[in-house]
$ cat protein.cif   # mmCIF, C-alpha atoms
data_data
loop_
_atom_site.group_PDB
_atom_site.id
_atom_site.type_symbol
_atom_site.label_atom_id
_atom_site.label_comp_id
_atom_site.auth_asym_id
_atom_site.auth_seq_id
_atom_site.Cartn_x
_atom_site.Cartn_y
_atom_site.Cartn_z
ATOM 1 C CA MET A 1 86.198 123.624 133.161
ATOM 2 C CA SER A 2 88.074 121.526 130.622
ATOM 3 C CA THR A 3 87.779 117.746 130.368
ATOM 4 C CA PRO A 4 89.966 115.333 128.420
ATOM 5 C CA VAL A 5 88.642 113.956 125.152
ATOM 6 C CA GLN A 6 89.604 110.300 125.078
ATOM 7 C CA PRO A 7 90.903 108.883 121.815
ATOM 8 C CA THR A 8 89.367 105.875 120.113
ATOM 9 C CA PHE A 9 91.657 102.983 119.220
ATOM 10 C CA VAL A 10 90.807 101.502 115.818
ATOM 11 C CA LEU A 11 92.329 98.021 115.547
ATOM 12 C CA VAL A 12 93.137 96.418 112.178
ATOM 13 C CA HIS A 13 93.867 92.691 111.964
ATOM 14 C CA GLY A 14 96.326 90.844 109.770
ATOM 15 C CA ALA A 15 95.979 88.111 107.142
ATOM 16 C CA PHE A 16 93.509 85.268 107.849
ATOM 17 C CA ALA A 17 92.535 87.014 111.089
ATOM 18 C CA ASN A 18 89.502 89.059 112.118
ATOM 19 C CA SER A 19 88.195 91.318 114.845
ATOM 20 C CA PHE A 20 87.733 88.358 117.214
ATOM 21 C CA SER A 21 91.480 88.114 117.826
ATOM 22 C CA PHE A 22 91.426 91.565 119.477
ATOM 23 C CA ALA A 23 88.840 90.637 122.127
ATOM 24 C CA PRO A 24 91.354 90.080 124.972
ATOM 25 C CA LEU A 25 93.192 93.297 124.085
ATOM 26 C CA GLN A 26 89.926 95.254 123.981
ATOM 27 C CA ALA A 27 89.008 93.897 127.403
ATOM 28 C CA GLU A 28 92.327 95.129 128.815
ATOM 29 C CA LEU A 29 91.956 98.518 127.139
ATOM 30 C CA GLY A 30 88.430 98.839 128.477
ATOM 31 C CA LEU A 31 89.563 98.053 132.003
ATOM 32 C CA LEU A 32 92.158 100.802 131.630
ATOM 33 C CA GLY A 33 89.394 103.218 130.641
ATOM 34 C CA HIS A 34 89.895 103.298 126.879
ATOM 35 C CA ARG A 35 87.420 102.721 124.064
ATOM 36 C CA SER A 36 88.308 100.720 121.014
ATOM 37 C CA VAL A 37 86.841 99.433 117.768
ATOM 38 C CA ALA A 38 88.084 96.199 116.187
ATOM 39 C CA VAL A 39 87.655 96.174 112.424
ATOM 40 C CA ASP A 40 86.651 93.266 110.227
ATOM 41 C CA LEU A 41 88.054 93.998 106.783
ATOM 42 C CA PRO A 42 85.871 92.928 103.806
ATOM 43 C CA GLY A 43 85.531 89.152 103.601
ATOM 44 C CA HIS A 44 86.537 88.721 107.243
ATOM 45 C CA GLY A 45 84.690 87.970 110.448
ATOM 46 C CA PHE A 46 81.084 87.012 109.794
ATOM 47 C CA GLN A 47 81.624 87.737 106.095
ATOM 48 C CA ALA A 48 84.169 84.927 105.868
ATOM 49 C CA THR A 49 83.553 81.629 104.109
ATOM 50 C CA PHE A 50 83.652 78.444 106.172
ATOM 51 C CA THR A 51 82.526 75.662 103.867
ATOM 52 C CA ARG A 52 81.220 72.268 104.987
ATOM 53 C CA ALA A 53 84.359 70.867 103.390
ATOM 54 C CA TYR A 54 86.339 72.654 106.121
ATOM 55 C CA GLN A 55 84.439 70.828 108.867
ATOM 56 C CA ALA A 56 85.296 67.397 110.241
ATOM 57 C CA PRO A 57 85.669 65.011 108.596
ATOM 58 C CA GLN A 58 87.204 67.276 106.011
ATOM 59 C CA ASP A 59 86.617 67.003 102.284
ATOM 60 C CA PRO A 60 89.985 67.958 100.720
ATOM 61 C CA GLU A 61 88.635 68.001 97.175
ATOM 62 C CA GLY A 62 85.698 70.182 98.137
ATOM 63 C CA LEU A 63 87.890 72.499 100.158
ATOM 64 C CA ALA A 64 90.195 72.954 97.175
ATOM 65 C CA THR A 65 87.376 74.016 94.856
ATOM 66 C CA ALA A 66 84.616 75.682 96.901
ATOM 67 C CA PRO A 67 84.159 79.392 96.120
ATOM 68 C CA GLY A 68 85.013 81.974 98.781
ATOM 69 C CA SER A 69 83.408 85.327 99.521
ATOM 70 C CA ILE A 70 86.762 87.098 99.658
ATOM 71 C CA LYS A 71 87.421 86.472 95.961
ATOM 72 C CA GLY A 72 87.817 89.809 94.202
ATOM 73 C CA VAL A 73 88.343 91.816 97.379
ATOM 74 C CA THR A 74 91.153 94.319 96.841
ATOM 75 C CA LEU A 75 93.335 96.472 99.014
ATOM 76 C CA ALA A 76 91.287 99.434 97.791
ATOM 77 C CA ASP A 77 88.173 97.749 99.215
ATOM 78 C CA ASN A 78 89.928 97.314 102.548
ATOM 79 C CA VAL A 79 91.017 100.944 102.563
ATOM 80 C CA ALA A 80 87.559 102.272 101.696
ATOM 81 C CA HIS A 81 86.032 100.189 104.484
ATOM 82 C CA LEU A 82 88.619 101.343 107.015
ATOM 83 C CA ILE A 83 88.221 104.994 106.022
ATOM 84 C CA GLY A 84 84.487 104.733 106.641
ATOM 85 C CA ILE A 85 85.167 103.502 110.165
ATOM 86 C CA LEU A 86 87.794 106.182 110.762
ATOM 87 C CA GLU A 87 85.340 108.869 109.674
ATOM 88 C CA ARG A 88 82.788 107.674 112.213
ATOM 89 C CA ALA A 89 85.360 107.325 114.982
ATOM 90 C CA LYS A 90 86.761 110.784 114.316
ATOM 91 C CA ARG A 91 83.392 112.360 115.186
ATOM 92 C CA ASN A 92 84.048 111.370 118.795
ATOM 93 C CA GLY A 93 87.542 112.824 119.070
ATOM 94 C CA PRO A 94 91.117 111.734 118.369
ATOM 95 C CA VAL A 95 91.763 108.439 116.598
ATOM 96 C CA ILE A 96 94.697 106.099 117.157
ATOM 97 C CA LEU A 97 94.944 103.602 114.311
ATOM 98 C CA VAL A 98 96.609 100.336 115.383
ATOM 99 C CA SER A 99 97.532 97.627 112.880
ATOM 100 C CA HIS A 100 99.097 94.194 113.116
ATOM 101 C CA SER A 101 100.958 92.174 110.488
ATOM 102 C CA ARG A 102 99.449 92.534 106.996
ATOM 103 C CA GLY A 103 96.919 94.966 108.430
ATOM 104 C CA GLY A 104 99.705 97.528 108.300
ATOM 105 C CA VAL A 105 99.378 97.662 104.516
ATOM 106 C CA THR A 106 95.734 98.703 104.790
ATOM 107 C CA ALA A 107 96.524 101.182 107.562
ATOM 108 C CA THR A 108 99.339 102.739 105.530
ATOM 109 C CA ALA A 109 97.205 103.111 102.417
ATOM 110 C CA ALA A 110 94.407 104.665 104.478
ATOM 111 C CA ALA A 111 96.903 107.081 106.017
ATOM 112 C CA ASN A 112 98.108 108.009 102.537
ATOM 113 C CA ALA A 113 94.541 108.815 101.515
ATOM 114 C CA ARG A 114 93.121 110.456 104.657
ATOM 115 C CA PRO A 115 95.768 111.589 107.134
ATOM 116 C CA ASP A 116 93.229 114.031 108.561
ATOM 117 C CA LEU A 117 91.347 111.131 110.156
ATOM 118 C CA ILE A 118 94.313 109.732 112.111
ATOM 119 C CA ASP A 119 95.951 111.362 115.131
ATOM 120 C CA ARG A 120 98.532 108.608 115.603
ATOM 121 C CA ILE A 121 99.296 105.482 113.614
ATOM 122 C CA VAL A 122 100.684 102.455 115.450
ATOM 123 C CA TYR A 123 102.258 99.391 113.874
ATOM 124 C CA VAL A 124 102.583 96.272 116.017
ATOM 125 C CA SER A 125 105.040 94.124 114.087
ATOM 126 C CA ALA A 126 103.142 95.256 111.021
ATOM 127 C CA TRP A 127 104.003 95.865 107.404
ATOM 128 C CA CYS A 128 104.632 99.463 106.388
ATOM 129 C CA PRO A 129 106.335 99.204 102.987
ATOM 130 C CA VAL A 130 108.461 102.193 102.058
ATOM 131 C CA ARG A 131 111.051 101.248 99.443
ATOM 132 C CA LEU A 132 109.721 97.888 98.249
ATOM 133 C CA ASP A 133 106.461 96.006 97.862
ATOM 134 C CA ILE A 134 105.809 93.275 100.441
ATOM 135 C CA GLY A 135 106.719 90.448 98.070
ATOM 136 C CA ALA A 136 110.079 92.017 97.319
ATOM 137 C CA TYR A 137 110.995 92.240 101.001
ATOM 138 C CA TYR A 138 110.846 88.442 101.202
ATOM 139 C CA ALA A 139 113.910 88.302 98.954
ATOM 140 C CA GLU A 140 115.883 90.623 101.249
ATOM 141 C CA PRO A 141 118.463 89.458 103.828
ATOM 142 C CA GLU A 142 116.257 90.377 106.794
ATOM 143 C CA MET A 143 113.747 87.713 105.724
ATOM 144 C CA ALA A 144 116.300 85.010 104.951
ATOM 145 C CA GLY A 145 115.214 82.916 107.913
ATOM 146 C CA VAL A 146 111.526 83.016 106.997
ATOM 147 C CA ASP A 147 110.283 80.156 104.878
ATOM 148 C CA PRO A 148 107.194 81.250 102.907
ATOM 149 C CA ALA A 149 106.768 77.599 101.927
ATOM 150 C CA ALA A 150 105.733 76.819 105.510
ATOM 151 C CA PHE A 151 102.153 77.276 104.311
ATOM 152 C CA ALA A 152 102.610 75.039 101.282
ATOM 153 C CA SER A 153 101.676 71.745 102.930
ATOM 154 C CA ALA A 154 98.443 73.265 104.239
ATOM 155 C CA LEU A 155 97.532 75.176 101.076
ATOM 156 C CA ALA A 156 94.112 74.183 99.758
ATOM 157 C CA GLY A 157 93.480 74.624 96.054
ATOM 158 C CA ASN A 158 95.157 76.732 93.413
ATOM 159 C CA PRO A 159 95.085 80.442 94.322
ATOM 160 C CA ALA A 160 94.972 81.437 90.647
ATOM 161 C CA GLU A 161 91.898 79.287 90.077
ATOM 162 C CA LEU A 162 90.150 80.124 93.345
ATOM 163 C CA GLY A 163 90.965 83.825 93.101
ATOM 164 C CA LEU A 164 92.031 83.797 96.740
ATOM 165 C CA LEU A 165 94.568 82.247 99.090
ATOM 166 C CA ARG A 166 93.143 79.321 101.096
ATOM 167 C CA VAL A 167 94.994 77.622 103.935
ATOM 168 C CA ASN A 168 93.677 74.637 105.853
ATOM 169 C CA PHE A 169 94.299 75.750 109.433
ATOM 170 C CA ARG A 170 92.338 72.727 110.654
ATOM 171 C CA THR A 171 94.851 70.323 109.202
ATOM 172 C CA ALA A 172 95.986 67.388 111.301
ATOM 173 C CA ASN A 173 99.349 67.279 109.524
ATOM 174 C CA PRO A 174 101.909 67.490 112.365
ATOM 175 C CA ASP A 175 104.543 69.089 110.131
ATOM 176 C CA SER A 176 102.164 71.854 109.071
ATOM 177 C CA LEU A 177 101.088 72.489 112.649
ATOM 178 C CA ALA A 178 104.694 72.597 113.813
ATOM 179 C CA ALA A 179 105.561 75.074 111.059
ATOM 180 C CA PHE A 180 102.621 77.310 111.994
ATOM 181 C CA LYS A 181 103.541 77.272 115.675
ATOM 182 C CA ALA A 182 107.212 78.021 115.003
ATOM 183 C CA ALA A 183 106.314 80.922 112.753
ATOM 184 C CA PHE A 184 103.593 82.556 114.807
ATOM 185 C CA PHE A 185 103.434 81.374 118.380
ATOM 186 C CA ALA A 186 106.546 79.470 119.447
ATOM 187 C CA ASP A 187 106.273 80.892 122.978
ATOM 188 C CA GLY A 188 102.701 79.720 123.482
ATOM 189 C CA THR A 189 101.505 76.429 124.861
ATOM 190 C CA ASP A 190 100.129 73.873 122.441
ATOM 191 C CA GLU A 191 96.661 74.549 123.818
ATOM 192 C CA GLU A 192 96.993 78.320 123.310
ATOM 193 C CA PHE A 193 98.329 77.779 119.814
ATOM 194 C CA LEU A 194 95.482 75.489 118.734
ATOM 195 C CA THR A 195 92.902 77.793 120.277
ATOM 196 C CA PHE A 196 94.254 80.772 118.363
ATOM 197 C CA LEU A 197 94.576 78.754 115.162
ATOM 198 C CA ASN A 198 90.857 78.036 115.349
ATOM 199 C CA THR A 199 90.095 81.769 115.294
ATOM 200 C CA PHE A 200 91.746 82.054 111.884
ATOM 201 C CA GLN A 201 89.647 81.913 108.749
ATOM 202 C CA PRO A 202 90.857 79.831 105.807
ATOM 203 C CA ASP A 203 90.627 82.475 103.066
ATOM 204 C CA GLU A 204 92.584 85.661 102.385
ATOM 205 C CA ASN A 205 92.560 88.001 99.408
ATOM 206 C CA LEU A 206 95.436 88.093 96.955
ATOM 207 C CA ASP A 207 95.961 91.865 96.836
ATOM 208 C CA ALA A 208 98.792 92.938 99.142
ATOM 209 C CA GLY A 209 99.208 96.287 97.390
ATOM 210 C CA GLY A 210 101.774 97.761 95.056
ATOM 211 C CA SER A 211 104.187 100.653 94.789
ATOM 212 C CA ALA A 212 101.398 103.248 94.943
ATOM 213 C CA ASP A 213 100.380 101.893 98.347
ATOM 214 C CA ARG A 214 103.729 102.405 100.044
ATOM 215 C CA ALA A 215 104.079 105.091 102.698
ATOM 216 C CA GLN A 216 103.930 108.595 101.224
ATOM 217 C CA ALA A 217 105.871 111.400 102.885
ATOM 218 C CA ALA A 218 103.343 114.148 102.119
ATOM 219 C CA THR A 219 100.403 112.378 103.773
ATOM 220 C CA TRP A 220 101.300 109.327 105.847
ATOM 221 C CA GLY A 221 104.517 111.115 106.792
ATOM 222 C CA ARG A 222 102.829 113.907 108.702
ATOM 223 C CA ILE A 223 100.993 111.625 111.141
ATOM 224 C CA PRO A 224 102.691 110.923 114.508
ATOM 225 C CA LYS A 225 103.691 107.273 114.386
ATOM 226 C CA THR A 226 104.737 104.503 116.725
ATOM 227 C CA TYR A 227 106.251 101.125 115.957
ATOM 228 C CA ILE A 228 105.883 98.436 118.595
ATOM 229 C CA ARG A 229 108.512 95.807 117.917
ATOM 230 C CA LEU A 230 107.814 92.194 118.855
ATOM 231 C CA ALA A 231 111.197 90.921 119.965
ATOM 232 C CA ASP A 232 110.625 87.218 119.290
ATOM 233 C CA ASP A 233 108.603 87.406 116.094
ATOM 234 C CA ALA A 234 109.698 84.685 113.659
ATOM 235 C CA SER A 235 107.281 85.503 110.831
ATOM 236 C CA LEU A 236 108.180 89.195 110.626
ATOM 237 C CA PRO A 237 111.675 89.122 112.145
ATOM 238 C CA LEU A 238 113.053 91.882 114.304
ATOM 239 C CA ALA A 239 115.619 92.741 111.634
ATOM 240 C CA LEU A 240 112.843 93.390 109.130
ATOM 241 C CA GLN A 241 110.828 95.376 111.673
ATOM 242 C CA ASP A 242 113.915 97.521 112.274
ATOM 243 C CA ARG A 243 114.410 97.982 108.556
ATOM 244 C CA LEU A 244 110.831 99.212 108.144
ATOM 245 C CA ILE A 245 111.394 101.635 111.017
ATOM 246 C CA ARG A 246 114.639 102.842 109.483
ATOM 247 C CA GLU A 247 113.113 103.336 106.049
ATOM 248 C CA GLY A 248 110.157 105.207 107.523
ATOM 249 C CA ASN A 249 112.481 107.507 109.441
ATOM 250 C CA GLU A 250 114.531 108.162 106.319
ATOM 251 C CA LEU A 251 111.348 109.061 104.444
ATOM 252 C CA THR A 252 110.244 111.539 107.127
ATOM 253 C CA PRO A 253 113.311 112.474 109.219
ATOM 254 C CA ASP A 254 111.416 115.300 110.915
ATOM 255 C CA ASN A 255 108.734 112.879 112.090
ATOM 256 C CA PRO A 256 110.497 109.685 113.197
ATOM 257 C CA TYR A 257 108.872 106.668 114.764
ATOM 258 C CA ASP A 258 108.359 106.483 118.491
ATOM 259 C CA VAL A 259 109.736 102.954 118.996
ATOM 260 C CA ARG A 260 108.752 100.536 121.732
ATOM 261 C CA THR A 261 109.445 96.838 122.241
ATOM 262 C CA LEU A 262 107.416 93.985 123.673
ATOM 263 C CA GLU A 263 108.723 90.515 124.339
ATOM 264 C CA GLY A 264 107.033 87.685 122.512
ATOM 265 C CA SER A 265 106.071 86.145 119.204
ATOM 266 C CA HIS A 266 103.774 87.352 116.435
ATOM 267 C CA LEU A 267 100.634 86.310 118.331
ATOM 268 C CA LYS A 268 101.661 86.305 122.006
ATOM 269 C CA TRP A 269 100.672 89.954 122.535
ATOM 270 C CA LEU A 270 97.092 89.129 121.546
ATOM 271 C CA VAL A 271 96.807 86.147 123.898
ATOM 272 C CA ALA A 272 98.511 87.876 126.835
ATOM 273 C CA PRO A 273 97.616 91.499 126.029
ATOM 274 C CA ALA A 274 98.231 93.342 129.297
ATOM 275 C CA PRO A 275 101.688 94.718 128.330
ATOM 276 C CA ALA A 276 100.410 95.820 124.917
ATOM 277 C CA ALA A 277 97.359 97.458 126.470
ATOM 278 C CA ARG A 278 99.567 99.406 128.867
ATOM 279 C CA ALA A 279 101.806 100.533 125.995
ATOM 280 C CA LEU A 280 98.807 101.704 123.992
ATOM 281 C CA ALA A 281 97.347 103.446 127.027
ATOM 282 C CA GLU A 282 100.580 105.405 127.355
ATOM 283 C CA LEU A 283 100.220 106.515 123.741
ATOM 284 C CA ALA A 284 96.663 107.636 124.421
ATOM 285 C CA THR A 285 97.922 110.218 126.896
ATOM 286 C CA LEU A 286 99.966 111.797 124.096
ATOM 287 C CA GLN A 287 96.841 112.347 122.009
ATOM 288 C CA VAL A 288 94.365 113.677 124.570
ATOM 289 C CA PRO A 289 93.259 117.265 123.886
ATOM 290 C CA TYR A 290 90.905 119.107 126.208
ATOM 291 C CA ALA A 291 87.349 120.211 125.568
ATOM 292 C CA GLN A 292 85.299 122.731 127.501
ATOM 293 C CA ALA A 293 82.776 121.009 129.762
#

$ encode --input "protein.cif" --output "structure tokens"
Amino acid sequence: MSTPVQPTFVLVHGAFANSFSFAPLQAELGLLGHRSVAVDLPGHGFQATFTRAYQAPQDPEGLATAPGSIKGVTLADNVAHLIGILERAKRNGPVILVSHSRGGVTATAAANARPDLIDRIVYVSAWCPVRLDIGAYYAEPEMAGVDPAAFASALAGNPAELGLLRVNFRTANPDSLAAFKAAFFADGTDEEFLTFLNTFQPDENLDAGGSADRAQAATWGRIPKTYIRLADDASLPLALQDRLIREGNELTPDNPYDVRTLEGSHLKWLVAPAPAARALAELATLQVPYAQA
């Protein structure tokens, strides 16, 4: 008698985020009968730095100068950590690697290095650079409506001196808060937005990868892949998502993206995760082999 071997979803967060943001999605996946592992990349989760200067009342001068544990963390560190998790997950059967936002860079680099560990790679409005590095895409027409300076008013300290990027997500500046909400969660209530903002950590590493970390046809290109577009994403606009899909398909025309679309902003799918969980559950059925019982 043969029984299905259920895949494991490995979930990779984006910049300033951590595994905690996947908790509602994991609950939905679990209720649908699927197992999942949410990753904390190095310097994230309980490894993150929350200084006393970040508490209330805040100490702006201290916040601008306090050291952070994520200093010196590189994309290679992220990839090595993720590969270790993928190796463990793979012992239990198929692995579906799911990434969001900047987490797509780590997922792509891991897929370049160890395609044997991944049975399907899924990008949810995530970066998968093909022709350009991330920074270069910001100068392209598809990103014309995105203002990278939206973070400027909440930036704490000099990134070059700190060796990391620090953003004061606990700011009371109404302009900064409005910019954050417009970019990430315009379709959420103010209460939902502030709740999610308080799950962010202030520090992120400076290494977003380079040309060697872009998708490689010989490795990344042989993994079945899905792109879940977020239709109302203002921080990674639909036009840019479509460009990444197009470039990926041009790189591996014999293995194009399976493309799906969810309504909502960059963060809405994590706060109201039922549609995303159903979409992922559908993908799981594509990966289920059978084992002899």

$ closest_residue --input "protein.cif" --among "A:Val95, A:Ala110, A:Val271, A:Ala217" --to "A:Arg35" --atoms "only C-alpha atoms"
A:Val95

$ resolve_selection --input "protein.cif" --expression "the PyMOL selection byres ((chain A and resi 60) around 12)" --output "ChimeraX atom specification"
/A:51-59,61-66,154-157,166-168,170-171

$ atom_distance --input "protein.cif" --atom1 "atom CA of A:Gly145" --atom2 "atom CA of A:Leu240"
10.8 Å

$ atom_distance --input "protein.cif" --atom1 "atom CA of A:Thr226" --atom2 "atom CA of A:Ala111"
13.5 Å

$ residues_around --input "protein.cif" --residues "A:Glu87" --least-positions-apart "5" --cutoff "10 Å" --atoms "only C-alpha atoms" --output "JSON, numbers by chain"
{"A": [82, 92, 95, 114, 116, 117, 118]}

$ closest_residue --input "protein.cif" --among "A:Phe180, A:Tyr257, A:Phe9, A:Tyr137" --to "A:Gly221" --atoms "only C-alpha atoms"
A:Tyr257

$ resolve_selection --input "protein.cif" --expression "the PyMOL selection byres ((chain A and resi 109) around 10)" --output "ChimeraX atom specification"
/A:75-76,78-80,82-83,104-108,110-115,128-129,209,212-216,219-220

$ residues_around --input "protein.cif" --residues "A:Ala126" --least-positions-apart "6" --cutoff "7 Å" --atoms "all atoms listed in the file" --output "list in words"
Ser99, His100, Ser101, Arg102, Gly103 and Gly104 of chain A

$ closest_residue --input "protein.cif" --among "A:Phe50, A:Pro141, A:Arg243, A:Ser125" --to "A:Phe169" --atoms "all atoms listed in the file"
A:Phe50

$ residues_near_point --input "protein.cif" --point "(95.4, 76.4, 118.2)" --cutoff "12 Å" --atoms "all atoms listed in the file" --output "PDB file with C-alpha atoms, in the frame of the given file"
ATOM      1  CA  PHE A 169      94.299  75.750 109.433  1.00  0.00           C
ATOM      2  CA  ARG A 170      92.338  72.727 110.654  1.00  0.00           C
ATOM      3  CA  THR A 171      94.851  70.323 109.202  1.00  0.00           C
ATOM      4  CA  ALA A 172      95.986  67.388 111.301  1.00  0.00           C
ATOM      5  CA  LEU A 177     101.088  72.489 112.649  1.00  0.00           C
ATOM      6  CA  ALA A 178     104.694  72.597 113.813  1.00  0.00           C
ATOM      7  CA  PHE A 180     102.621  77.310 111.994  1.00  0.00           C
ATOM      8  CA  LYS A 181     103.541  77.272 115.675  1.00  0.00           C
ATOM      9  CA  PHE A 184     103.593  82.556 114.807  1.00  0.00           C
ATOM     10  CA  PHE A 185     103.434  81.374 118.380  1.00  0.00           C
ATOM     11  CA  ALA A 186     106.546  79.470 119.447  1.00  0.00           C
ATOM     12  CA  GLY A 188     102.701  79.720 123.482  1.00  0.00           C
ATOM     13  CA  THR A 189     101.505  76.429 124.861  1.00  0.00           C
ATOM     14  CA  ASP A 190     100.129  73.873 122.441  1.00  0.00           C
ATOM     15  CA  GLU A 191      96.661  74.549 123.818  1.00  0.00           C
ATOM     16  CA  GLU A 192      96.993  78.320 123.310  1.00  0.00           C
ATOM     17  CA  PHE A 193      98.329  77.779 119.814  1.00  0.00           C
ATOM     18  CA  LEU A 194      95.482  75.489 118.734  1.00  0.00           C
ATOM     19  CA  THR A 195      92.902  77.793 120.277  1.00  0.00           C
ATOM     20  CA  PHE A 196      94.254  80.772 118.363  1.00  0.00           C
ATOM     21  CA  LEU A 197      94.576  78.754 115.162  1.00  0.00           C
ATOM     22  CA  ASN A 198      90.857  78.036 115.349  1.00  0.00           C
ATOM     23  CA  THR A 199      90.095  81.769 115.294  1.00  0.00           C
ATOM     24  CA  PHE A 200      91.746  82.054 111.884  1.00  0.00           C
ATOM     25  CA  LEU A 267     100.634  86.310 118.331  1.00  0.00           C
ATOM     26  CA  VAL A 271      96.807  86.147 123.898  1.00  0.00           C
TER      27      VAL A 271
END

$ residues_around --input "protein.cif" --residues "A:Asp258" --least-positions-apart "3" --cutoff "9 Å" --atoms "all atoms listed in the file" --output "PyMOL selection string"
chain A and resi 224-228

$ atom_distance --input "protein.cif" --atom1 "atom CA of A:Ile223" --atom2 "atom CA of A:Asp77"
22.3 Å

$ closest_residue --input "protein.cif" --among "A:Leu270, A:Ala152, A:Val124, A:Leu283" --to "A:Asp242" --atoms "all atoms listed in the file"
A:Val124
